[in-house]
$ cat upload04.txt   # compact mmCIF, N, CA and C atoms
# COMPACT_ATOMS: atom_id res chain seq x y z
N MET A 195 82.62 58.82 6.89
CA MET A 195 81.93 58.49 8.12
C MET A 195 82.34 57.11 8.62
N LYS A 196 82.44 56.14 7.69
CA LYS A 196 82.82 54.79 8.08
C LYS A 196 84.25 54.76 8.62
N ASN A 197 85.11 55.56 8.04
CA ASN A 197 86.50 55.62 8.45
C ASN A 197 86.61 56.12 9.90
N ARG A 198 85.83 57.13 10.24
CA ARG A 198 85.86 57.70 11.59
C ARG A 198 85.32 56.69 12.60
N THR A 199 84.23 55.99 12.27
CA THR A 199 83.66 54.98 13.16
C THR A 199 84.65 53.85 13.38
N PHE A 200 85.33 53.44 12.33
CA PHE A 200 86.33 52.37 12.43
C PHE A 200 87.46 52.80 13.37
N LYS A 201 87.91 54.05 13.26
CA LYS A 201 88.98 54.54 14.13
C LYS A 201 88.55 54.57 15.60
N VAL A 202 87.31 54.96 15.85
CA VAL A 202 86.79 55.01 17.22
C VAL A 202 86.72 53.60 17.81
N ILE A 203 86.27 52.64 17.01
CA ILE A 203 86.19 51.26 17.48
C ILE A 203 87.58 50.71 17.78
N ILE A 204 88.53 50.95 16.90
CA ILE A 204 89.91 50.49 17.12
C ILE A 204 90.49 51.14 18.38
N LEU A 205 90.25 52.42 18.56
CA LEU A 205 90.74 53.11 19.75
C LEU A 205 90.12 52.54 21.02
N ALA A 206 88.84 52.22 20.98
CA ALA A 206 88.16 51.62 22.14
C ALA A 206 88.73 50.24 22.46
N VAL A 207 88.99 49.44 21.45
CA VAL A 207 89.56 48.11 21.64
C VAL A 207 90.97 48.23 22.25
N ILE A 208 91.76 49.15 21.75
CA ILE A 208 93.11 49.36 22.29
C ILE A 208 93.04 49.80 23.75
N ALA A 209 92.10 50.68 24.08
CA ALA A 209 91.94 51.15 25.46
C ALA A 209 91.55 50.00 26.39
N VAL A 210 90.65 49.14 25.95
CA VAL A 210 90.23 48.00 26.77
C VAL A 210 91.40 47.04 26.99
N ILE A 211 92.15 46.76 25.95
CA ILE A 211 93.31 45.88 26.07
C ILE A 211 94.34 46.48 27.02
N ALA A 212 94.60 47.77 26.91
CA ALA A 212 95.55 48.43 27.81
C ALA A 212 95.08 48.34 29.26
N LEU A 213 93.79 48.55 29.50
CA LEU A 213 93.25 48.43 30.86
C LEU A 213 93.41 47.02 31.41
N LEU A 214 93.16 46.02 30.59
CA LEU A 214 93.33 44.64 31.04
C LEU A 214 94.78 44.33 31.37
N ILE A 215 95.69 44.80 30.55
CA ILE A 215 97.11 44.57 30.81
C ILE A 215 97.56 45.27 32.08
N LEU A 216 97.16 46.52 32.25
CA LEU A 216 97.57 47.26 33.44
C LEU A 216 96.93 46.71 34.71
N SER A 217 95.72 46.25 34.64
CA SER A 217 95.07 45.72 35.84
C SER A 217 95.64 44.37 36.23
N SER A 218 96.20 43.63 35.31
CA SER A 218 96.79 42.33 35.65
C SER A 218 98.17 42.48 36.28
N CYS A 219 98.76 43.67 36.23
CA CYS A 219 100.08 43.87 36.82
C CYS A 219 100.06 43.69 38.34
N GLY A 220 98.94 43.97 38.98
CA GLY A 220 98.85 43.84 40.43
C GLY A 220 98.35 42.49 40.88
N ASN A 221 98.32 41.51 40.01
CA ASN A 221 97.82 40.19 40.37
C ASN A 221 98.81 39.49 41.27
N ARG A 222 98.45 39.28 42.51
CA ARG A 222 99.35 38.66 43.48
C ARG A 222 99.28 37.14 43.48
N SER A 223 98.40 36.55 42.71
CA SER A 223 98.30 35.10 42.72
C SER A 223 99.53 34.46 42.09
N VAL A 224 100.32 35.23 41.38
CA VAL A 224 101.53 34.72 40.76
C VAL A 224 102.63 34.54 41.79
N GLY A 225 102.76 35.48 42.72
CA GLY A 225 103.83 35.44 43.71
C GLY A 225 103.34 34.87 45.04
N ILE A 226 103.94 35.33 46.11
CA ILE A 226 103.57 34.88 47.45
C ILE A 226 102.32 35.62 47.90
N ASP A 227 101.38 34.88 48.44
CA ASP A 227 100.13 35.46 48.93
C ASP A 227 100.42 36.24 50.21
N PRO A 228 100.11 37.54 50.26
CA PRO A 228 100.45 38.34 51.44
C PRO A 228 99.62 38.00 52.67
N TYR A 229 98.62 37.13 52.53
CA TYR A 229 97.79 36.74 53.67
C TYR A 229 98.17 35.38 54.23
N GLN A 230 99.21 34.77 53.70
CA GLN A 230 99.67 33.49 54.24
C GLN A 230 100.35 33.72 55.58
N THR A 231 100.34 32.71 56.41
CA THR A 231 101.04 32.78 57.69
C THR A 231 102.22 31.83 57.66
N PHE A 232 103.29 32.26 58.28
CA PHE A 232 104.50 31.46 58.35
C PHE A 232 104.95 31.39 59.81
N GLN A 233 105.41 30.24 60.23
CA GLN A 233 105.87 30.07 61.60
C GLN A 233 107.38 30.32 61.74
N LYS A 234 108.15 29.93 60.73
CA LYS A 234 109.60 30.05 60.80
C LYS A 234 110.15 30.57 59.48
N ALA A 235 111.37 31.06 59.55
CA ALA A 235 112.04 31.53 58.34
C ALA A 235 113.54 31.33 58.49
N TYR A 236 114.19 31.03 57.39
CA TYR A 236 115.64 31.04 57.33
C TYR A 236 116.03 32.34 56.63
N ILE A 237 116.92 33.10 57.28
CA ILE A 237 117.36 34.38 56.73
C ILE A 237 118.88 34.34 56.55
N ASN A 238 119.33 34.74 55.37
CA ASN A 238 120.76 34.79 55.09
C ASN A 238 121.29 36.14 55.58
N LEU A 239 122.12 36.09 56.61
CA LEU A 239 122.72 37.31 57.18
C LEU A 239 124.22 37.29 56.93
N GLY A 240 124.65 37.91 55.88
CA GLY A 240 126.08 37.99 55.57
C GLY A 240 126.72 36.64 55.29
N GLY A 241 126.01 35.75 54.62
CA GLY A 241 126.55 34.44 54.29
C GLY A 241 126.22 33.37 55.30
N GLU A 242 125.68 33.74 56.44
CA GLU A 242 125.30 32.77 57.47
C GLU A 242 123.77 32.69 57.54
N TRP A 243 123.22 31.49 57.47
CA TRP A 243 121.78 31.29 57.52
C TRP A 243 121.34 31.17 58.97
N LYS A 244 120.34 31.95 59.34
CA LYS A 244 119.82 31.97 60.70
C LYS A 244 118.35 31.60 60.67
N MET A 245 117.94 30.65 61.53
CA MET A 245 116.52 30.30 61.61
C MET A 245 115.86 31.15 62.70
N VAL A 246 114.74 31.78 62.35
CA VAL A 246 114.01 32.63 63.30
C VAL A 246 112.54 32.24 63.29
N SER A 247 111.86 32.51 64.39
CA SER A 247 110.41 32.34 64.41
C SER A 247 109.78 33.64 63.91
N VAL A 248 108.72 33.54 63.15
CA VAL A 248 108.11 34.70 62.51
C VAL A 248 106.93 35.19 63.35
N GLN A 249 107.04 36.40 63.88
CA GLN A 249 105.91 37.04 64.56
C GLN A 249 104.96 37.61 63.52
N ASN A 250 105.50 38.36 62.59
CA ASN A 250 104.75 38.86 61.44
C ASN A 250 105.71 39.16 60.31
N TRP A 251 105.15 39.35 59.15
CA TRP A 251 105.98 39.65 57.99
C TRP A 251 105.19 40.55 57.05
N ARG A 252 105.94 41.24 56.20
CA ARG A 252 105.31 42.17 55.26
C ARG A 252 106.02 42.09 53.92
N ASP A 253 105.22 42.04 52.87
CA ASP A 253 105.74 41.98 51.51
C ASP A 253 105.74 43.40 50.96
N TYR A 254 106.91 43.90 50.61
CA TYR A 254 107.01 45.21 50.00
C TYR A 254 107.06 45.05 48.49
N GLU A 255 106.91 46.16 47.77
CA GLU A 255 106.94 46.11 46.31
C GLU A 255 108.30 45.64 45.84
N GLY A 256 108.30 44.90 44.78
CA GLY A 256 109.54 44.33 44.27
C GLY A 256 109.83 43.02 44.97
N ASP A 257 111.08 42.79 45.32
CA ASP A 257 111.44 41.54 45.97
C ASP A 257 111.87 41.74 47.42
N VAL A 258 111.36 42.78 48.07
CA VAL A 258 111.75 43.11 49.45
C VAL A 258 110.71 42.56 50.42
N VAL A 259 111.22 41.97 51.50
CA VAL A 259 110.36 41.41 52.53
C VAL A 259 110.89 41.84 53.90
N GLN A 260 109.97 42.08 54.84
CA GLN A 260 110.34 42.38 56.22
C GLN A 260 109.78 41.27 57.10
N ILE A 261 110.65 40.70 57.91
CA ILE A 261 110.26 39.65 58.85
C ILE A 261 110.58 40.15 60.24
N VAL A 262 109.61 40.06 61.16
CA VAL A 262 109.81 40.48 62.54
C VAL A 262 109.88 39.22 63.40
N SER A 263 110.98 39.08 64.14
CA SER A 263 111.17 37.95 65.03
C SER A 263 111.66 38.47 66.38
N ASN A 264 110.92 38.16 67.42
CA ASN A 264 111.25 38.63 68.78
C ASN A 264 111.43 40.14 68.82
N GLY A 265 110.62 40.87 68.08
CA GLY A 265 110.67 42.33 68.05
C GLY A 265 111.77 42.90 67.17
N VAL A 266 112.58 42.06 66.55
CA VAL A 266 113.67 42.52 65.69
C VAL A 266 113.23 42.42 64.23
N PRO A 267 113.20 43.55 63.51
CA PRO A 267 112.82 43.49 62.10
C PRO A 267 114.02 43.17 61.21
N TYR A 268 113.81 42.27 60.28
CA TYR A 268 114.82 41.94 59.27
C TYR A 268 114.24 42.34 57.92
N VAL A 269 114.87 43.26 57.22
CA VAL A 269 114.44 43.69 55.90
C VAL A 269 115.49 43.22 54.90
N THR A 270 115.05 42.41 53.94
CA THR A 270 115.98 41.86 52.99
C THR A 270 115.24 41.47 51.70
N SER A 271 115.95 40.90 50.78
CA SER A 271 115.38 40.43 49.52
C SER A 271 114.85 39.00 49.70
N TYR A 272 113.88 38.62 48.88
CA TYR A 272 113.37 37.25 48.93
C TYR A 272 114.46 36.23 48.59
N VAL A 273 115.51 36.66 47.93
CA VAL A 273 116.61 35.77 47.60
C VAL A 273 117.28 35.27 48.88
N ASN A 274 117.24 36.06 49.94
CA ASN A 274 117.90 35.74 51.19
C ASN A 274 116.97 35.13 52.24
N VAL A 275 115.75 34.75 51.85
CA VAL A 275 114.77 34.28 52.82
C VAL A 275 114.11 32.99 52.33
N VAL A 276 113.91 32.06 53.27
CA VAL A 276 113.08 30.89 53.03
C VAL A 276 112.01 30.92 54.11
N LEU A 277 110.75 31.12 53.71
CA LEU A 277 109.62 31.16 54.65
C LEU A 277 109.02 29.76 54.78
N ILE A 278 108.77 29.36 56.04
CA ILE A 278 108.26 28.01 56.30
C ILE A 278 106.89 28.12 56.96
N GLY A 279 105.90 27.47 56.37
CA GLY A 279 104.53 27.58 56.85
C GLY A 279 104.20 26.66 58.00
N LYS A 280 104.68 25.46 58.00
CA LYS A 280 104.31 24.50 59.06
C LYS A 280 105.51 23.80 59.60
$ encode --input "upload04.txt" --output "structure tokens"
Amino acid sequence: MKNRTFKVIILAVIAVIALLILSSCGNRSVGIDPYQTFQKAYINLGGEWKMVSVQNWRDYEGDVVQIVSNGVPYVTSYVNVVLIGK
């Protein structure tokens, strides 16, 4: 009986730890806050850096970002973008 109770407790502890680990995967405080506003951005377009004003932007899963400037959407990696807040 004690052996079975011990196994149930261990299983419950493992389940709680797994839930904590999986729920922390969506923590956005580590990366860029999707609610921040940016006025300008530098975008690398084929080796040439272009400064654009940001109408809106969207953070996609992974390292993909979409920046809309003057109605033109730019979809690229964060490696190719510098977002400027002020």
$ select_by_dssp --input "upload04.txt" --residues "chain A" --states "helix (DSSP H, G or I)" --output "ChimeraX atom specification"
/A:196-218,272-274
$ closest_residue --input "upload04.txt" --among "A:Gln249, A:Asn197, A:Asn238, A:Thr231" --to "Ser263 in chain A" --atoms "all atoms listed in the file"
A:Gln249
$ residues_near_point --input "upload04.txt" --point "(109.6, 31.0, 56.9)" --cutoff "6 Å" --atoms "only N, CA and C atoms" --output "ChimeraX atom specification"
/A:232-236,276-279
$ closest_residue --input "upload04.txt" --among "A:Ile261, A:Ile208, A:Leu216, A:Ile237" --to "Val273 in chain A" --atoms "only C-alpha atoms"
A:Ile237
$ atom_distance --input "upload04.txt" --atom1 "CA of Leu213 in chain A" --atom2 "atom C of Lys196 in chain A"
24.8 Å
$ closest_residue --input "upload04.txt" --among "A:Val275, A:Leu239, A:Ala212, A:Ile204" --to "Val258 in chain A" --atoms "only C-alpha atoms"
A:Val275
$ select_by_dssp --input "upload04.txt" --residues "chain A" --states "strand (DSSP E)" --output "PyMOL selection string"
chain A and resi 234-239+242-247+250-253+258-263+266-271+275-278
$ atom_distance --input "upload04.txt" --atom1 "CA of Pro267 in chain A" --atom2 "CA of Asp253 in chain A"
12.8 Å
$ atom_distance --input "upload04.txt" --atom1 "atom C of Leu214 in chain A" --atom2 "CA of Thr199 in chain A"
23.8 Å
$ closest_residue --input "upload04.txt" --among "A:Ser271, A:Gln230, A:Arg198, A:Ala209" --to "Gly256 in chain A" --atoms "all atoms listed in the file"
A:Ser271
$ axis_aligned_box --input "upload04.txt" --around "range 246-257 of chain A" --padding-each-side "4 Å" --output "JSON"
{"center_x": 109.7, "center_y": 39.0, "center_z": 54.4, "size_x": 18.0, "size_y": 22.4, "size_z": 28.3}
$ decode --input "upload04.txt" --residues "range 234-279 of chain A" --atoms "N, CA and C atoms" --output "PDB file, in the first residue's frame"
ATOM      1  N   LYS A 234      10.029  53.865 -35.622  1.00  0.00           N
ATOM      2  CA  LYS A 234      10.876  53.642 -36.796  1.00  0.00           C
ATOM      3  C   LYS A 234      11.528  52.272 -36.721  1.00  0.00           C
ATOM      4  N   ALA A 235      12.000  51.828 -37.864  1.00  0.00           N
ATOM      5  CA  ALA A 235      12.718  50.553 -37.918  1.00  0.00           C
ATOM      6  C   ALA A 235      13.741  50.605 -39.039  1.00  0.00           C
ATOM      7  N   TYR A 236      14.853  49.946 -38.822  1.00  0.00           N
ATOM      8  CA  TYR A 236      15.826  49.701 -39.880  1.00  0.00           C
ATOM      9  C   TYR A 236      15.623  48.266 -40.334  1.00  0.00           C
ATOM     10  N   ILE A 237      15.448  48.085 -41.644  1.00  0.00           N
ATOM     11  CA  ILE A 237      15.218  46.754 -42.205  1.00  0.00           C
ATOM     12  C   ILE A 237      16.316  46.464 -43.225  1.00  0.00           C
ATOM     13  N   ASN A 238      16.914  45.293 -43.106  1.00  0.00           N
ATOM     14  CA  ASN A 238      17.948  44.870 -44.050  1.00  0.00           C
ATOM     15  C   ASN A 238      17.259  44.220 -45.250  1.00  0.00           C
ATOM     16  N   LEU A 239      17.355  44.884 -46.396  1.00  0.00           N
ATOM     17  CA  LEU A 239      16.751  44.382 -47.635  1.00  0.00           C
ATOM     18  C   LEU A 239      17.860  44.026 -48.618  1.00  0.00           C
ATOM     19  N   GLY A 240      18.247  42.786 -48.633  1.00  0.00           N
ATOM     20  CA  GLY A 240      19.279  42.330 -49.567  1.00  0.00           C
ATOM     21  C   GLY A 240      20.631  42.974 -49.354  1.00  0.00           C
ATOM     22  N   GLY A 241      21.012  43.199 -48.111  1.00  0.00           N
ATOM     23  CA  GLY A 241      22.309  43.792 -47.807  1.00  0.00           C
ATOM     24  C   GLY A 241      22.270  45.299 -47.652  1.00  0.00           C
ATOM     25  N   GLU A 242      21.174  45.926 -48.001  1.00  0.00           N
ATOM     26  CA  GLU A 242      21.025  47.373 -47.865  1.00  0.00           C
ATOM     27  C   GLU A 242      20.045  47.678 -46.730  1.00  0.00           C
ATOM     28  N   TRP A 243      20.444  48.522 -45.789  1.00  0.00           N
ATOM     29  CA  TRP A 243      19.598  48.888 -44.661  1.00  0.00           C
ATOM     30  C   TRP A 243      18.712  50.058 -45.051  1.00  0.00           C
ATOM     31  N   LYS A 244      17.421  49.913 -44.809  1.00  0.00           N
ATOM     32  CA  LYS A 244      16.444  50.943 -45.150  1.00  0.00           C
ATOM     33  C   LYS A 244      15.723  51.360 -43.884  1.00  0.00           C
ATOM     34  N   MET A 245      15.620  52.680 -43.646  1.00  0.00           N
ATOM     35  CA  MET A 245      14.870  53.162 -42.491  1.00  0.00           C
ATOM     36  C   MET A 245      13.428  53.440 -42.912  1.00  0.00           C
ATOM     37  N   VAL A 246      12.474  52.902 -42.147  1.00  0.00           N
ATOM     38  CA  VAL A 246      11.057  53.085 -42.452  1.00  0.00           C
ATOM     39  C   VAL A 246      10.337  53.536 -41.190  1.00  0.00           C
ATOM     40  N   SER A 247       9.214  54.227 -41.368  1.00  0.00           N
ATOM     41  CA  SER A 247       8.362  54.540 -40.226  1.00  0.00           C
ATOM     42  C   SER A 247       7.402  53.373 -40.031  1.00  0.00           C
ATOM     43  N   VAL A 248       7.124  53.035 -38.792  1.00  0.00           N
ATOM     44  CA  VAL A 248       6.322  51.858 -38.471  1.00  0.00           C
ATOM     45  C   VAL A 248       4.872  52.270 -38.237  1.00  0.00           C
ATOM     46  N   GLN A 249       3.969  51.804 -39.093  1.00  0.00           N
ATOM     47  CA  GLN A 249       2.537  51.994 -38.862  1.00  0.00           C
ATOM     48  C   GLN A 249       2.048  50.981 -37.836  1.00  0.00           C
ATOM     49  N   ASN A 250       2.383  49.730 -38.062  1.00  0.00           N
ATOM     50  CA  ASN A 250       2.118  48.671 -37.097  1.00  0.00           C
ATOM     51  C   ASN A 250       3.087  47.530 -37.348  1.00  0.00           C
ATOM     52  N   TRP A 251       3.147  46.638 -36.391  1.00  0.00           N
ATOM     53  CA  TRP A 251       4.042  45.497 -36.519  1.00  0.00           C
ATOM     54  C   TRP A 251       3.417  44.312 -35.809  1.00  0.00           C
ATOM     55  N   ARG A 252       3.882  43.133 -36.193  1.00  0.00           N
ATOM     56  CA  ARG A 252       3.343  41.902 -35.612  1.00  0.00           C
ATOM     57  C   ARG A 252       4.473  40.908 -35.407  1.00  0.00           C
ATOM     58  N   ASP A 253       4.468  40.300 -34.236  1.00  0.00           N
ATOM     59  CA  ASP A 253       5.461  39.297 -33.883  1.00  0.00           C
ATOM     60  C   ASP A 253       4.870  37.925 -34.169  1.00  0.00           C
ATOM     61  N   TYR A 254       5.493  37.185 -35.063  1.00  0.00           N
ATOM     62  CA  TYR A 254       5.054  35.829 -35.352  1.00  0.00           C
ATOM     63  C   TYR A 254       5.880  34.857 -34.524  1.00  0.00           C
ATOM     64  N   GLU A 255       5.445  33.597 -34.482  1.00  0.00           N
ATOM     65  CA  GLU A 255       6.165  32.582 -33.718  1.00  0.00           C
ATOM     66  C   GLU A 255       7.557  32.393 -34.301  1.00  0.00           C
ATOM     67  N   GLY A 256       8.490  32.154 -33.433  1.00  0.00           N
ATOM     68  CA  GLY A 256       9.876  32.019 -33.864  1.00  0.00           C
ATOM     69  C   GLY A 256      10.527  33.385 -33.920  1.00  0.00           C
ATOM     70  N   ASP A 257      11.320  33.628 -34.938  1.00  0.00           N
ATOM     71  CA  ASP A 257      12.010  34.911 -35.039  1.00  0.00           C
ATOM     72  C   ASP A 257      11.500  35.750 -36.209  1.00  0.00           C
ATOM     73  N   VAL A 258      10.244  35.569 -36.597  1.00  0.00           N
ATOM     74  CA  VAL A 258       9.663  36.275 -37.741  1.00  0.00           C
ATOM     75  C   VAL A 258       8.867  37.481 -37.259  1.00  0.00           C
ATOM     76  N   VAL A 259       9.055  38.590 -37.958  1.00  0.00           N
ATOM     77  CA  VAL A 259       8.360  39.824 -37.631  1.00  0.00           C
ATOM     78  C   VAL A 259       7.815  40.437 -38.924  1.00  0.00           C
ATOM     79  N   GLN A 260       6.636  41.058 -38.831  1.00  0.00           N
ATOM     80  CA  GLN A 260       6.062  41.793 -39.957  1.00  0.00           C
ATOM     81  C   GLN A 260       5.959  43.255 -39.551  1.00  0.00           C
ATOM     82  N   ILE A 261       6.499  44.119 -40.391  1.00  0.00           N
ATOM     83  CA  ILE A 261       6.440  45.559 -40.169  1.00  0.00           C
ATOM     84  C   ILE A 261       5.700  46.173 -41.344  1.00  0.00           C
ATOM     85  N   VAL A 262       4.701  47.013 -41.061  1.00  0.00           N
ATOM     86  CA  VAL A 262       3.948  47.690 -42.115  1.00  0.00           C
ATOM     87  C   VAL A 262       4.348  49.160 -42.103  1.00  0.00           C
ATOM     88  N   SER A 263       4.812  49.644 -43.260  1.00  0.00           N
ATOM     89  CA  SER A 263       5.207  51.032 -43.409  1.00  0.00           C
ATOM     90  C   SER A 263       4.591  51.573 -44.693  1.00  0.00           C
ATOM     91  N   ASN A 264       3.809  52.626 -44.570  1.00  0.00           N
ATOM     92  CA  ASN A 264       3.121  53.227 -45.723  1.00  0.00           C
ATOM     93  C   ASN A 264       2.311  52.193 -46.491  1.00  0.00           C
ATOM     94  N   GLY A 265       1.686  51.267 -45.795  1.00  0.00           N
ATOM     95  CA  GLY A 265       0.858  50.244 -46.411  1.00  0.00           C
ATOM     96  C   GLY A 265       1.632  49.075 -46.998  1.00  0.00           C
ATOM     97  N   VAL A 266       2.951  49.105 -46.933  1.00  0.00           N
ATOM     98  CA  VAL A 266       3.786  48.037 -47.484  1.00  0.00           C
ATOM     99  C   VAL A 266       4.234  47.122 -46.345  1.00  0.00           C
ATOM    100  N   PRO A 267       3.864  45.834 -46.402  1.00  0.00           N
ATOM    101  CA  PRO A 267       4.309  44.915 -45.352  1.00  0.00           C
ATOM    102  C   PRO A 267       5.695  44.345 -45.651  1.00  0.00           C
ATOM    103  N   TYR A 268       6.527  44.323 -44.639  1.00  0.00           N
ATOM    104  CA  TYR A 268       7.845  43.701 -44.722  1.00  0.00           C
ATOM    105  C   TYR A 268       7.846  42.539 -43.744  1.00  0.00           C
ATOM    106  N   VAL A 269       8.033  41.328 -44.225  1.00  0.00           N
ATOM    107  CA  VAL A 269       8.101  40.142 -43.378  1.00  0.00           C
ATOM    108  C   VAL A 269       9.526  39.610 -43.443  1.00  0.00           C
ATOM    109  N   THR A 270      10.164  39.541 -42.285  1.00  0.00           N
ATOM    110  CA  THR A 270      11.553  39.121 -42.252  1.00  0.00           C
ATOM    111  C   THR A 270      11.887  38.563 -40.866  1.00  0.00           C
ATOM    112  N   SER A 271      13.125  38.208 -40.673  1.00  0.00           N
ATOM    113  CA  SER A 271      13.610  37.704 -39.396  1.00  0.00           C
ATOM    114  C   SER A 271      14.042  38.883 -38.517  1.00  0.00           C
ATOM    115  N   TYR A 272      14.014  38.686 -37.201  1.00  0.00           N
ATOM    116  CA  TYR A 272      14.484  39.729 -36.294  1.00  0.00           C
ATOM    117  C   TYR A 272      15.960  40.046 -36.512  1.00  0.00           C
ATOM    118  N   VAL A 273      16.691  39.144 -37.123  1.00  0.00           N
ATOM    119  CA  VAL A 273      18.104  39.382 -37.406  1.00  0.00           C
ATOM    120  C   VAL A 273      18.248  40.550 -38.373  1.00  0.00           C
ATOM    121  N   ASN A 274      17.255  40.766 -39.223  1.00  0.00           N
ATOM    122  CA  ASN A 274      17.303  41.801 -40.245  1.00  0.00           C
ATOM    123  C   ASN A 274      16.582  43.088 -39.856  1.00  0.00           C
ATOM    124  N   VAL A 275      16.198  43.230 -38.587  1.00  0.00           N
ATOM    125  CA  VAL A 275      15.393  44.369 -38.168  1.00  0.00           C
ATOM    126  C   VAL A 275      15.956  44.987 -36.894  1.00  0.00           C
ATOM    127  N   VAL A 276      15.955  46.328 -36.861  1.00  0.00           N
ATOM    128  CA  VAL A 276      16.220  47.068 -35.639  1.00  0.00           C
ATOM    129  C   VAL A 276      15.008  47.961 -35.420  1.00  0.00           C
ATOM    130  N   LEU A 277      14.249  47.696 -34.354  1.00  0.00           N
ATOM    131  CA  LEU A 277      13.056  48.481 -34.025  1.00  0.00           C
ATOM    132  C   LEU A 277      13.442  49.613 -33.071  1.00  0.00           C
ATOM    133  N   ILE A 278      12.948  50.824 -33.382  1.00  0.00           N
ATOM    134  CA  ILE A 278      13.297  52.006 -32.592  1.00  0.00           C
ATOM    135  C   ILE A 278      12.039  52.571 -31.964  1.00  0.00           C
ATOM    136  N   GLY A 279      12.048  52.728 -30.652  1.00  0.00           N
ATOM    137  CA  GLY A 279      10.867  53.172 -29.928  1.00  0.00           C
ATOM    138  C   GLY A 279      10.673  54.673 -29.906  1.00  0.00           C
TER     139      GLY A 279
END
